[in-house]
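Shown here: protein-v7.txt, compact mmCIF, C-alpha atoms.
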```txt
# COMPACT_ATOMS: atom_id res chain seq x y z
CA MET A 1 67.96 18.66 14.28
CA SER A 2 68.29 15.36 12.54
CA GLN A 3 68.20 14.92 8.81
CA SER A 4 64.98 13.99 7.13
CA TYR A 5 64.99 11.77 4.11
CA ASN A 6 63.77 12.81 0.69
CA ARG A 7 62.49 9.79 -1.18
CA GLY A 8 62.18 11.71 -4.41
CA LEU A 9 59.48 10.88 -6.91
CA ILE A 10 57.96 7.64 -5.74
CA GLU A 11 55.17 7.37 -8.25
CA ASP A 12 57.27 7.30 -11.38
CA PHE A 13 56.66 5.06 -14.35
CA GLY A 14 58.05 2.12 -12.38
CA ARG A 15 54.65 1.97 -10.70
CA TRP A 16 52.70 1.93 -13.94
CA LYS A 17 50.85 -1.19 -12.88
CA GLU A 18 49.29 0.78 -10.03
CA PHE A 19 48.08 3.67 -12.18
CA SER A 20 44.34 4.26 -12.22
CA ALA A 21 42.07 5.10 -15.13
CA GLY A 22 42.33 8.86 -14.67
CA MET A 23 46.11 8.71 -14.68
CA TRP A 24 46.20 6.60 -17.84
CA ALA A 25 43.78 8.99 -19.53
CA TRP A 26 46.11 11.87 -18.67
CA ILE A 27 49.21 10.05 -19.92
CA PHE A 28 47.55 8.96 -23.17
CA HIS A 29 46.15 12.43 -23.74
CA LYS A 30 49.59 14.00 -23.34
CA PHE A 31 51.19 11.36 -25.54
CA THR A 32 48.62 11.62 -28.35
CA GLY A 33 48.83 15.41 -28.15
CA TRP A 34 52.58 15.35 -28.75
CA VAL A 35 52.18 12.81 -31.55
CA LEU A 36 49.63 15.07 -33.26
CA ILE A 37 51.96 18.06 -32.96
CA GLY A 38 54.75 15.96 -34.44
CA TYR A 39 52.47 14.89 -37.27
CA LEU A 40 51.61 18.51 -37.98
CA PHE A 41 55.25 19.20 -38.90
CA THR A 42 55.56 16.18 -41.22
CA HIS A 43 52.18 17.12 -42.68
CA ILE A 44 53.41 20.63 -43.53
CA ALA A 45 56.66 19.20 -44.89
CA VAL A 46 54.80 16.84 -47.24
CA LEU A 47 52.31 19.49 -48.34
CA SER A 48 55.06 22.01 -49.05
CA SER A 49 56.43 19.71 -51.72
CA ALA A 50 53.69 21.33 -53.81
CA LEU A 51 55.90 24.43 -53.92
CA ALA A 52 58.16 22.54 -56.32
CA GLY A 53 55.28 21.99 -58.70
CA PRO A 54 52.27 19.70 -59.00
CA GLU A 55 54.33 16.75 -60.27
CA ALA A 56 56.66 16.84 -57.29
CA TYR A 57 53.68 16.84 -54.97
CA THR A 58 52.03 13.90 -56.70
CA ASP A 59 55.29 11.97 -56.80
CA THR A 60 55.94 12.55 -53.11
CA LEU A 61 52.47 11.45 -52.07
CA GLN A 62 52.40 8.44 -54.35
CA GLY A 63 55.88 7.44 -53.23
CA LEU A 64 54.88 7.66 -49.59
CA GLU A 65 51.58 5.87 -50.06
CA ALA A 66 53.36 2.95 -51.74
CA LEU A 67 55.25 2.24 -48.52
CA PHE A 68 53.74 -0.33 -46.19
CA VAL A 69 55.11 1.48 -43.12
CA VAL A 70 53.36 4.70 -44.09
CA ARG A 71 50.02 2.86 -44.33
CA VAL A 72 50.55 1.35 -40.88
CA LEU A 73 51.49 4.77 -39.51
CA GLU A 74 48.30 6.21 -41.02
CA VAL A 75 46.20 3.71 -39.07
CA GLY A 76 48.19 4.67 -35.99
CA LEU A 77 47.64 8.35 -36.68
CA LEU A 78 43.92 7.81 -36.98
CA ALA A 79 43.88 5.91 -33.67
CA VAL A 80 45.84 8.68 -31.97
CA ALA A 81 43.57 11.39 -33.38
CA VAL A 82 40.39 9.54 -32.44
CA PHE A 83 41.59 8.91 -28.90
CA HIS A 84 42.59 12.54 -28.51
CA MET A 85 39.15 13.62 -29.72
CA MET A 86 37.23 11.17 -27.56
CA ASN A 87 39.25 11.98 -24.46
CA GLY A 88 38.94 15.65 -25.33
CA ILE A 89 35.17 15.32 -25.19
CA ARG A 90 35.56 13.45 -21.92
CA LEU A 91 37.70 16.25 -20.52
CA LEU A 92 35.18 18.81 -21.71
CA MET A 93 32.53 16.95 -19.75
CA VAL A 94 34.81 16.86 -16.73
CA ASP A 95 35.39 20.60 -17.04
CA LEU A 96 31.66 21.18 -17.18
CA GLY A 97 31.19 18.98 -14.16
CA ILE A 98 29.08 16.39 -15.96
CA GLY A 99 29.39 12.75 -15.03
CA LEU A 100 32.50 12.97 -12.91
CA ASP A 101 31.52 9.77 -11.17
CA ALA A 102 31.78 7.93 -14.46
CA GLN A 103 35.17 9.36 -15.43
CA ASP A 104 36.83 5.94 -15.49
CA LYS A 105 34.04 4.40 -17.56
CA THR A 106 34.19 7.18 -20.14
CA PHE A 107 37.94 6.64 -20.41
CA TYR A 108 37.42 2.95 -21.13
CA LEU A 109 34.68 3.87 -23.58
CA SER A 110 36.99 6.22 -25.47
CA LEU A 111 39.59 3.42 -25.60
CA ILE A 112 37.02 1.00 -27.03
CA VAL A 113 35.77 3.50 -29.60
CA THR A 114 39.37 4.25 -30.62
CA GLY A 115 40.12 0.55 -31.04
CA ALA A 116 36.95 -0.10 -33.00
CA ILE A 117 37.52 2.80 -35.40
CA ALA A 118 41.17 1.91 -35.89
CA VAL A 119 40.32 -1.71 -36.69
CA ALA A 120 37.47 -0.69 -38.99
CA SER A 121 39.80 1.64 -40.87
CA VAL A 122 42.37 -1.05 -41.66
CA PRO A 123 40.71 -2.26 -44.93
CA THR A 124 40.48 1.33 -46.19
CA PHE A 125 44.05 2.31 -45.38
CA MET A 126 45.66 -0.96 -46.37
CA THR A 127 44.25 -1.34 -49.91
CA ASP A 128 46.90 -2.27 -52.49
CA VAL A 129 49.50 -3.05 -49.84
CA GLY A 130 48.63 -6.58 -48.91
CA PHE A 131 44.93 -6.21 -48.15
CA MET B 1 6.65 -5.65 47.37
CA SER B 2 9.46 -7.39 49.29
CA THR B 3 10.39 -9.56 46.32
CA GLN B 4 11.71 -6.61 44.44
CA GLU B 5 14.66 -6.36 46.79
CA GLN B 6 16.03 -9.73 45.76
CA GLN B 7 15.46 -9.15 42.14
CA PRO B 8 18.72 -8.22 40.41
CA GLU B 9 18.74 -5.25 38.12
CA PRO B 10 18.23 -6.69 34.70
CA GLU B 11 19.57 -3.76 32.72
CA THR B 12 22.92 -3.28 34.38
CA GLU B 13 23.81 -6.93 35.00
CA PRO B 14 26.15 -8.16 32.28
CA GLU B 15 24.84 -10.99 30.18
CA THR B 16 27.82 -13.19 30.82
CA GLU B 17 26.44 -15.11 33.78
CA PRO B 18 22.74 -15.47 33.37
CA GLU B 19 22.65 -18.83 35.22
CA THR B 20 23.60 -17.22 38.54
CA GLN B 21 20.40 -15.22 38.58
CA GLU B 22 18.36 -16.05 41.63
CA SER B 23 14.86 -16.95 40.77
CA PRO B 24 12.48 -14.78 42.69
CA ALA B 25 10.52 -16.38 45.49
CA ASP B 26 7.30 -15.07 44.18
CA PRO B 27 5.82 -17.69 41.82
CA GLU B 28 4.35 -14.90 39.78
CA MET B 29 7.80 -13.53 39.00
CA SER B 30 9.62 -16.78 38.30
CA GLY B 31 7.53 -17.85 35.36
CA LEU B 32 9.05 -18.11 31.89
CA ALA B 33 6.58 -15.52 30.74
CA SER B 34 8.35 -12.78 32.66
CA PRO B 35 9.94 -10.31 30.24
CA GLN B 36 13.17 -10.36 32.18
CA GLN B 37 13.46 -14.13 31.95
CA ARG B 38 12.81 -14.02 28.27
CA ARG B 39 15.39 -11.32 27.79
CA LEU B 40 17.98 -13.27 29.76
CA GLN B 41 17.27 -16.40 27.79
CA ARG B 42 17.66 -14.55 24.53
CA LYS B 43 20.90 -13.02 25.70
CA ALA B 44 22.29 -16.37 26.72
CA ALA B 45 21.37 -17.82 23.35
CA ASN B 46 22.99 -14.91 21.55
CA LEU B 47 26.11 -15.27 23.61
CA ALA B 48 26.38 -18.97 22.84
CA GLU B 49 25.93 -18.20 19.15
CA ARG B 50 28.61 -15.55 19.28
CA GLU B 51 31.03 -17.86 21.06
CA ARG B 52 30.42 -20.58 18.52
CA GLN B 53 31.04 -18.10 15.72
CA ALA B 54 34.21 -16.87 17.33
CA ALA B 55 35.49 -20.42 17.86
CA GLU B 56 34.80 -21.16 14.22
CA ASP B 57 36.70 -18.10 13.09
CA GLU B 58 39.51 -19.00 15.42
CA SER B 59 39.89 -22.46 13.95
CA ASN B 60 39.69 -21.10 10.43
CA LEU B 61 42.33 -18.46 10.90
CA GLU B 62 44.43 -20.10 13.54
CA GLU B 63 47.73 -20.01 11.70
CA ASP B 64 46.86 -16.93 9.63
CA THR B 65 49.45 -14.24 9.87
CA VAL B 66 49.78 -10.94 8.10
CA HIS B 67 53.03 -10.34 6.35
CA LEU B 68 53.92 -6.66 6.69
CA LYS B 69 56.79 -5.04 4.86
CA VAL B 70 57.37 -1.74 6.59
CA PHE B 71 59.59 1.10 5.42
CA ARG B 72 62.22 1.89 8.05
CA PHE B 73 64.46 4.91 8.37
CA ASP B 74 66.03 6.46 11.43
CA PRO B 75 68.36 9.43 10.98
CA GLU B 76 69.66 9.22 14.53
CA VAL B 77 71.03 5.69 14.40
CA GLU B 78 73.93 5.27 12.05
CA ASP B 79 73.03 1.78 10.86
CA LYS B 80 69.46 2.81 10.12
CA GLN B 81 70.18 5.86 8.01
CA GLU B 82 69.96 3.80 4.87
CA PRO B 83 66.22 3.23 4.26
CA ARG B 84 65.19 -0.41 4.26
CA PHE B 85 62.13 -2.61 4.56
CA ASP B 86 61.50 -4.68 7.68
CA ASP B 87 59.29 -7.75 7.66
CA PHE B 88 56.76 -8.38 10.40
CA HIS B 89 54.52 -11.41 10.71
CA VAL B 90 51.51 -10.36 12.73
CA PRO B 91 48.78 -12.80 13.81
CA PHE B 92 45.63 -11.99 11.90
CA GLU B 93 42.44 -11.11 13.68
CA ARG B 94 39.02 -10.59 12.22
CA GLY B 95 38.51 -6.91 11.43
CA MET B 96 42.20 -6.11 11.68
CA THR B 97 43.22 -2.87 10.04
CA VAL B 98 46.64 -1.83 8.78
CA LEU B 99 46.99 0.36 11.84
CA ASP B 100 46.12 -2.55 14.17
CA ALA B 101 48.80 -4.65 12.54
CA LEU B 102 51.36 -1.86 12.88
CA ILE B 103 50.44 -1.33 16.53
CA TYR B 104 50.86 -5.06 17.15
CA ALA B 105 54.22 -5.07 15.41
CA ARG B 106 55.39 -2.12 17.47
CA ASP B 107 54.11 -3.46 20.78
CA GLU B 108 55.29 -7.03 20.34
CA TYR B 109 58.31 -6.98 18.06
CA ASP B 110 60.01 -3.64 17.66
CA SER B 111 59.23 -0.74 19.93
CA SER B 112 61.28 1.60 17.76
CA LEU B 113 58.77 1.33 14.88
CA THR B 114 57.43 4.85 14.56
CA PHE B 115 54.16 6.01 13.03
CA ARG B 116 51.49 8.57 13.83
CA HIS B 117 48.09 7.53 15.06
CA SER B 118 45.57 8.93 17.41
CA CYS B 119 41.84 8.37 17.28
CA ARG B 120 41.87 5.10 15.30
CA GLN B 121 38.46 5.91 13.83
CA ALA B 122 39.28 7.89 10.70
CA ILE B 123 38.70 11.31 12.21
CA CYS B 124 42.07 12.62 13.33
CA GLY B 125 43.78 12.06 9.99
CA SER B 126 47.14 11.14 11.51
CA ASP B 127 47.75 7.76 9.98
CA ALA B 128 47.73 8.10 6.22
CA PHE B 129 50.22 5.62 4.77
CA PHE B 130 51.26 4.46 1.34
CA VAL B 131 49.91 0.91 1.43
CA ASN B 132 50.52 -1.42 -1.49
CA GLY B 133 51.07 1.45 -3.86
CA SER B 134 48.28 3.81 -2.94
CA GLN B 135 47.42 6.20 -0.17
CA HIS B 136 45.23 4.73 2.56
CA LEU B 137 44.17 5.69 6.03
CA GLY B 138 45.73 2.98 8.22
CA CYS B 139 42.82 2.74 10.64
CA LYS B 140 40.25 2.51 7.86
CA THR B 141 41.91 -0.08 5.68
CA GLN B 142 41.09 -3.72 6.33
CA ILE B 143 44.05 -6.09 6.08
CA SER B 144 41.74 -8.72 4.57
CA GLU B 145 41.15 -6.48 1.55
CA LEU B 146 44.83 -6.16 0.76
CA GLU B 147 47.18 -8.44 -1.09
CA GLN B 148 49.99 -9.88 0.93
CA PRO B 149 52.70 -8.99 1.68
CA VAL B 150 51.27 -5.65 2.75
CA ARG B 151 53.86 -3.01 1.89
CA VAL B 152 53.53 -0.01 4.21
CA GLU B 153 55.50 3.10 3.32
CA PRO B 154 55.35 6.73 4.41
CA LEU B 155 53.38 9.09 2.20
CA PRO B 156 55.24 9.83 -1.02
CA HIS B 157 56.39 13.33 -1.94
CA GLN B 158 56.94 14.33 1.65
CA GLU B 159 60.19 14.22 3.56
CA VAL B 160 60.49 11.23 5.85
CA VAL B 161 61.29 12.18 9.43
CA LYS B 162 61.43 8.65 10.77
CA ASP B 163 59.99 5.32 9.62
CA LEU B 164 56.40 6.13 8.57
CA VAL B 165 56.38 9.68 9.90
CA VAL B 166 56.54 12.37 7.24
CA ASP B 167 57.03 16.11 7.50
CA MET B 168 53.55 17.64 7.19
CA GLU B 169 54.69 21.25 7.50
CA HIS B 170 54.38 22.08 3.81
CA PHE B 171 50.92 20.54 3.63
CA TYR B 172 49.74 22.61 6.59
CA GLU B 173 51.22 25.74 5.02
CA GLN B 174 49.23 25.12 1.86
CA MET B 175 46.10 24.50 3.90
CA HIS B 176 46.53 27.79 5.74
CA ALA B 177 47.31 29.64 2.51
CA VAL B 178 43.64 29.50 1.48
CA GLU B 179 42.52 31.10 4.75
CA PRO B 180 40.42 28.22 6.01
CA TYR B 181 38.20 30.14 8.39
CA MET B 182 34.98 32.10 8.28
CA GLN B 183 35.63 35.74 7.44
CA GLN B 184 32.16 37.20 7.50
CA GLU B 185 32.18 40.52 9.31
CA ASP B 186 28.59 41.72 8.96
CA LEU B 187 26.86 39.66 11.56
CA PRO B 188 23.09 39.63 11.91
CA GLU B 189 21.52 42.31 14.07
CA GLY B 190 20.54 41.45 17.58
CA GLU B 191 22.60 39.72 20.20
CA LEU B 192 21.00 36.30 19.94
CA GLU B 193 20.47 36.31 16.19
CA GLU B 194 21.94 33.27 14.43
CA MET B 195 23.72 33.20 11.12
CA ARG B 196 21.62 30.72 9.22
CA GLN B 197 22.63 28.56 6.32
CA SER B 198 20.03 27.10 4.00
CA ARG B 199 19.70 23.34 3.86
CA GLU B 200 20.53 23.36 0.15
CA ASN B 201 23.72 25.26 0.77
CA ARG B 202 24.64 22.92 3.58
CA GLU B 203 24.18 19.97 1.22
CA LYS B 204 26.38 21.68 -1.34
CA ILE B 205 29.36 22.04 0.95
CA LYS B 206 28.65 18.93 3.02
CA MET B 207 31.26 16.66 1.50
CA SER B 208 33.93 19.36 1.49
CA THR B 209 33.58 19.85 5.25
CA ARG B 210 34.62 16.27 5.87
CA CYS B 211 38.31 16.83 5.21
CA ILE B 212 40.48 15.45 8.03
CA TRP B 213 43.79 16.92 6.82
CA CYS B 214 45.41 13.52 6.34
CA ALA B 215 47.31 14.67 3.21
CA ALA B 216 46.56 11.48 1.28
CA CYS B 217 45.28 13.52 -1.67
CA MET B 218 48.24 15.87 -1.72
CA SER B 219 50.58 12.89 -1.64
CA SER B 220 48.77 11.15 -4.49
CA CYS B 221 48.73 14.24 -6.71
CA ASN B 222 51.14 14.02 -9.60
CA ILE B 223 51.07 17.77 -10.12
CA ALA B 224 51.76 18.60 -6.49
CA ALA B 225 54.74 16.27 -6.68
CA GLY B 226 56.26 18.27 -9.51
CA ASP B 227 55.16 21.73 -8.44
CA ASN B 228 55.82 22.31 -4.79
CA GLN B 229 53.90 25.59 -4.81
CA TYR B 230 50.68 24.02 -6.08
CA LEU B 231 48.03 24.45 -3.41
CA GLY B 232 46.97 20.85 -3.70
CA PRO B 233 43.56 19.18 -3.60
CA ALA B 234 43.01 19.46 0.15
CA ALA B 235 43.68 23.20 0.28
CA ILE B 236 41.52 23.87 -2.78
CA ASN B 237 38.77 21.78 -1.24
CA LYS B 238 39.07 23.90 1.89
CA ALA B 239 38.75 27.02 -0.27
CA TYR B 240 35.67 25.49 -1.90
CA ARG B 241 34.13 24.86 1.50
CA PHE B 242 34.25 28.57 2.32
CA ALA B 243 33.83 30.07 -1.15
CA MET B 244 30.60 28.13 -1.64
CA ASP B 245 29.30 28.95 1.81
CA GLU B 246 26.56 31.50 1.25
CA ARG B 247 26.95 32.97 4.73
CA GLU B 248 30.00 34.83 3.53
CA ASP B 249 29.58 38.01 1.49
CA GLU B 250 30.27 38.23 -2.22
CA GLU B 251 33.46 40.29 -1.73
CA ILE B 252 34.92 37.62 0.52
CA LYS B 253 34.10 34.98 -2.05
CA GLU B 254 35.88 37.06 -4.67
CA HIS B 255 38.87 37.37 -2.39
CA ARG B 256 38.90 33.58 -2.02
CA LEU B 257 38.66 33.08 -5.76
CA ARG B 258 41.59 35.46 -6.25
CA ILE B 259 43.69 33.21 -4.03
CA ILE B 260 42.82 29.98 -5.79
CA GLU B 261 43.00 31.27 -9.35
CA GLN B 262 46.65 32.21 -9.05
CA GLU B 263 49.36 30.48 -11.05
CA HIS B 264 49.75 27.62 -8.62
CA GLY B 265 46.07 27.36 -7.81
CA VAL B 266 43.18 25.54 -9.44
CA TRP B 267 44.53 25.74 -12.97
CA ARG B 268 47.34 23.35 -12.12
CA CYS B 269 44.80 20.54 -11.71
CA GLN B 270 44.87 18.23 -14.72
CA THR B 271 41.94 16.06 -13.62
CA GLN B 272 43.82 12.83 -13.10
CA PHE B 273 41.35 11.95 -10.33
CA SER B 274 44.15 10.54 -8.16
CA CYS B 275 43.07 12.60 -5.17
CA THR B 276 39.41 11.67 -5.51
CA GLU B 277 40.34 8.03 -5.62
CA VAL B 278 42.49 7.99 -2.49
CA CYS B 279 40.43 10.32 -0.30
CA PRO B 280 39.47 8.25 2.78
CA LYS B 281 36.44 10.47 3.37
CA ASP B 282 35.19 10.12 -0.21
CA ILE B 283 35.29 13.84 -0.90
CA PRO B 284 34.80 14.49 -4.64
CA LEU B 285 37.93 16.66 -4.77
CA THR B 286 38.22 16.86 -8.55
CA GLU B 287 34.59 17.94 -8.79
CA HIS B 288 35.20 20.72 -6.28
CA ILE B 289 38.35 21.88 -8.06
CA GLN B 290 36.51 21.92 -11.39
CA GLU B 291 33.66 23.90 -9.91
CA LEU B 292 36.07 26.48 -8.54
CA LYS B 293 37.66 26.71 -11.99
CA ARG B 294 34.24 27.52 -13.44
CA GLU B 295 33.58 30.04 -10.67
CA ALA B 296 36.93 31.71 -11.38
CA VAL B 297 36.12 31.95 -15.09
CA LYS B 298 32.68 33.34 -14.34
CA LYS B 299 34.19 35.96 -12.05
CA ASN B 300 36.60 37.16 -14.74
CA LEU B 301 34.35 36.92 -17.79
CA LYS B 302 31.67 39.48 -17.28
CA PHE B 303 29.88 40.17 -20.54
CA TRP B 304 26.77 41.36 -18.81
```
Encoded form using C-alpha cells:
Amino acid sequence: MSQSYNRGLIEDFGRWKEFSAGMWAWIFHKFTGWVLIGYLFTHIAVLSSALAGPEAYTDTLQGLEALFVVRVLEVGLLAVAVFHMMNGIRLLMVDLGIGLDAQDKTFYLSLIVTGAIAVASVPTFMTDVGF
Amino acid sequence: MSTQEQQPEPETEPETEPETQESPADPEMSGLASPQQRRLQRKAANLAERERQAAEDESNLEEDTVHLKVFRFDPEVEDKQEPRFDDFHVPFERGMTVLDALIYARDEYDSSLTFRHSCRQAICGSDAFFVNGSQHLGCKTQISELEQPVRVEPLPHQEVVKDLVVDMEHFYEQMHAVEPYMQQEDLPEGELEEMRQSRENREKIKMSTRCIWCAACMSSCNIAAGDNQYLGPAAINKAYRFAMDEREDEEIKEHRLRIIEQEHGVWRCQTQFSCTEVCPKDIPLTEHIQELKREAVKKNLKFW
C-alpha cells in the first residue's frame, strides 16, 4: 500500500482573501468575545481600586481618562461590544432559523451599524483630549 | 397512394442534408405549403444560423486557452512524491467545464493525471475539487466563470491518494454513522398497501434528499477540519432527511436525534455557512443542522 499525502490545514489564515461572509462573522465574533473577556479583567482591576478608598478610585479613573490612548481604546471597546451584540442577534436569528438566506447581508449590516455607532461616539469619548 | 413510397421519412431524416430531398412527383405534395417542406426549410435556416454562430464563436475564441494549474502527487514514483503544481494550457471551448479541461489535459498531454469522474452531469458526486480556493464540482463549474489561471487541487482536509484523488473513507464512515436508511418496521396492513408521504412532508425534506455524497461540504467545514470525529454537514443532512421523514415512527426519530446530538454531532456546528456556500446541489445545510439542533433541544426539554 502506497503512502497517501496529508496536506494538513489548507484553509488557514493564509487564505483570508477567500473567506466568505459567514467565516468572517465567526472570526470577528470569536475575536470580539475574547476582547470582551479581557476587558472584564481590566474592568474589575480598575473598579477594585475602590477598595483602597474613594480617593484612590477617583484618582485612578481620572488618571486613566486623561490618557489619549485610553480614550481611543474606549472607542474600540464600544465598537467591539456593539459588533458582538449585533452579531449575537444575528446568530440568535440563525439559531431560530429566521432569514438564513440573508445571513451574509445581516453580517454586513452589523458591520455597518458597528462602524456608524463607533464613529458617532468619537465626539463623546474624545472630549478634552483633542476634540 | 404510390407517391408515399418515394417520400422520405421526415422525422427520422437528419436535418443536415435537406437539399438532397427528392421532391415528390405529385404536384400536390411538392408545393411550399406542405408542412414537411416548411419544416425542412425552417430546419435548414436554423442550421445555417447555428453554423454562423459557431463560426463567430470560433473566430472570437480562436487563440483562447485555459491555463490550468493542477496539483500533482504520486506516491509510487520517486520524483513525484514531492507535491507540485503542473501547468496545462487547454484550448477553450464554449461551455467548457473544469472537468472537461482536466479530461482534455489528461487525454492530450499527460495520461498519468489522475482524478475521479463518472457521470459528468453533477449526479455521481465523484469530481469535487478545490478550484481557485473553494470547493466546486468539476463537471458543474464553467471555466468561463473562473479567474485564470485556474488552480485545481484535491479536496482539503482529506488525505491525497494521487493527484486529485482523495481518500473518501472517513467521509463515508461519517455518512454511515447516522444510519442513512429507512428504519420503519410497522408497515401498512395489506400486501399492496403503500407507505404514503404527504406532499408537505416531501417538500420539507426535498432539498436534503439531493445530496450526492461529493464531500465538498465536509471539506469546506472549518470545524470538521479540526475535529475529525465531527459528523460533518453531509452526514447531519442525511440524518435530517430521515429524522424529518414522517413515515418513520417517533421512537426512530428519537433514536436518530440521539445520534446527532452527541458530542461530535450537531452542536459542533458554528454556523459559518461554508458548507451551504459550496454545496453544488444548493442544499441549505446550515438550515438543516440548525433545525436538528432545535429538534434535539425540544426532545430534551419537556416542560409539558
Sorted by chain and rising residue number, which residues of chain B lie within 6 Å of chain A, and what are their closest atom pairs and distances in Å to one decimal, counting all atoms listed in the file, as a tab-separated table?
```
residue	atom	partner	partner_atom	distance
B:Pro75	CA	A:Gln3	CA	5.9
B:Pro156	CA	A:Ile10	CA	5.9
B:Glu159	CA	A:Asn6	CA	4.8
B:Val160	CA	A:Tyr5	CA	4.9
B:Val161	CA	A:Ser4	CA	4.7
B:Gln272	CA	A:Gly22	CA	4.5
B:Phe273	CA	A:Gly22	CA	5.4
B:Gln290	CA	A:Asp95	CA	5.9
```
Using only C-alpha atoms, the residue out of A:Leu36, A:Val70, A:Leu78, A:Leu51 with shortest distance to Ala120 of chain A is A:Leu78
Atom CA of Glu191 of chain B to atom CA of Phe242 of chain B measures 24.1 Å
Of A:Thr114, A:Met126, A:Trp16, A:Ala66, the one nearest to Ala81 of chain A when counting all atoms listed in the file is A:Thr114
Fewer than 2 positions away in the same chain doesn't count, so skip those; otherwise give me all residues within 9 Å of segment 246-248 of chain B, counting all atoms listed in the file, as a PyMOL selection string.
-> chain B and resi 182-186+195-198+201+242-244+250-253
**Request:** With a distance cut-off of 12 Å and only C-alpha atoms, select the neighbouring residues of Ser110 of chain A, excluding the residue or stretch itself and same-chain residues fewer than 2 positions from it, and output the selection as a count of residues only.
**Result:** 30
task = List the residues sitting within 10 Å of (55.9, -7.6, 4.5) in the file's frame, using only C-alpha atoms, as a ChimeraX atom specification.
result = /B:66-71,85-90,148-152
Thr127 of chain A proximity check over A:Arg71, A:Val46, A:Leu111, A:Gly53, using only C-alpha atoms: winner is A:Arg71
The centre and edge lengths of an axis-aligned box containing all atoms of segment 52-61 of chain A present in the file, extended by 5 Å on each side, are to be given in Å to one decimal, as lines of an AutoDock Vina configuration file.
```
center_x = 55.1
center_y = 17.0
center_z = -56.2
size_x = 16.1
size_y = 21.1
size_z = 18.2
```
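Taking atom CA of Tyr181 of chain B and atom CA of Arg258 of chain B as endpoints, the distance between them is 15.9 Å.
Here atom CA of His43 of chain A stands at a distance of 12.8 Å from atom CA of Leu73 of chain A.
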Exercise for review: Pull the neighbourhood of (42.6, 21.1, -2.2) for me: all residues within 12 Å in file coordinates, counting all atoms listed in the file, as a ChimeraX atom specification.
Suggested key: /B:171-172,174-178,180,208-209,211-221,224,230-241,260,264-269,275-276,279,283-290,292
Practice prompt. Please provide the set of residues having any atom within 10 Å of segment 297-304 of chain B, restricted to all atoms listed in the file, with same-chain residues fewer than 4 positions apart removed, written as an NGL selection string.
Written response: :B and (254 or 257-258 or 261 or 291-293)
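Here the question is which of B:Glu145, B:Asp163, B:Glu200, B:Ser34 gets nearest to Ser111 of chain B using only C-alpha atoms, and that residue is B:Asp163.
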Counting only C-alpha atoms, the option among A:Ala45, A:Leu92, A:Leu109, A:Val72 closest to Thr124 of chain A:
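Closest to Thr124 of chain A, using only C-alpha atoms: A:Val72.
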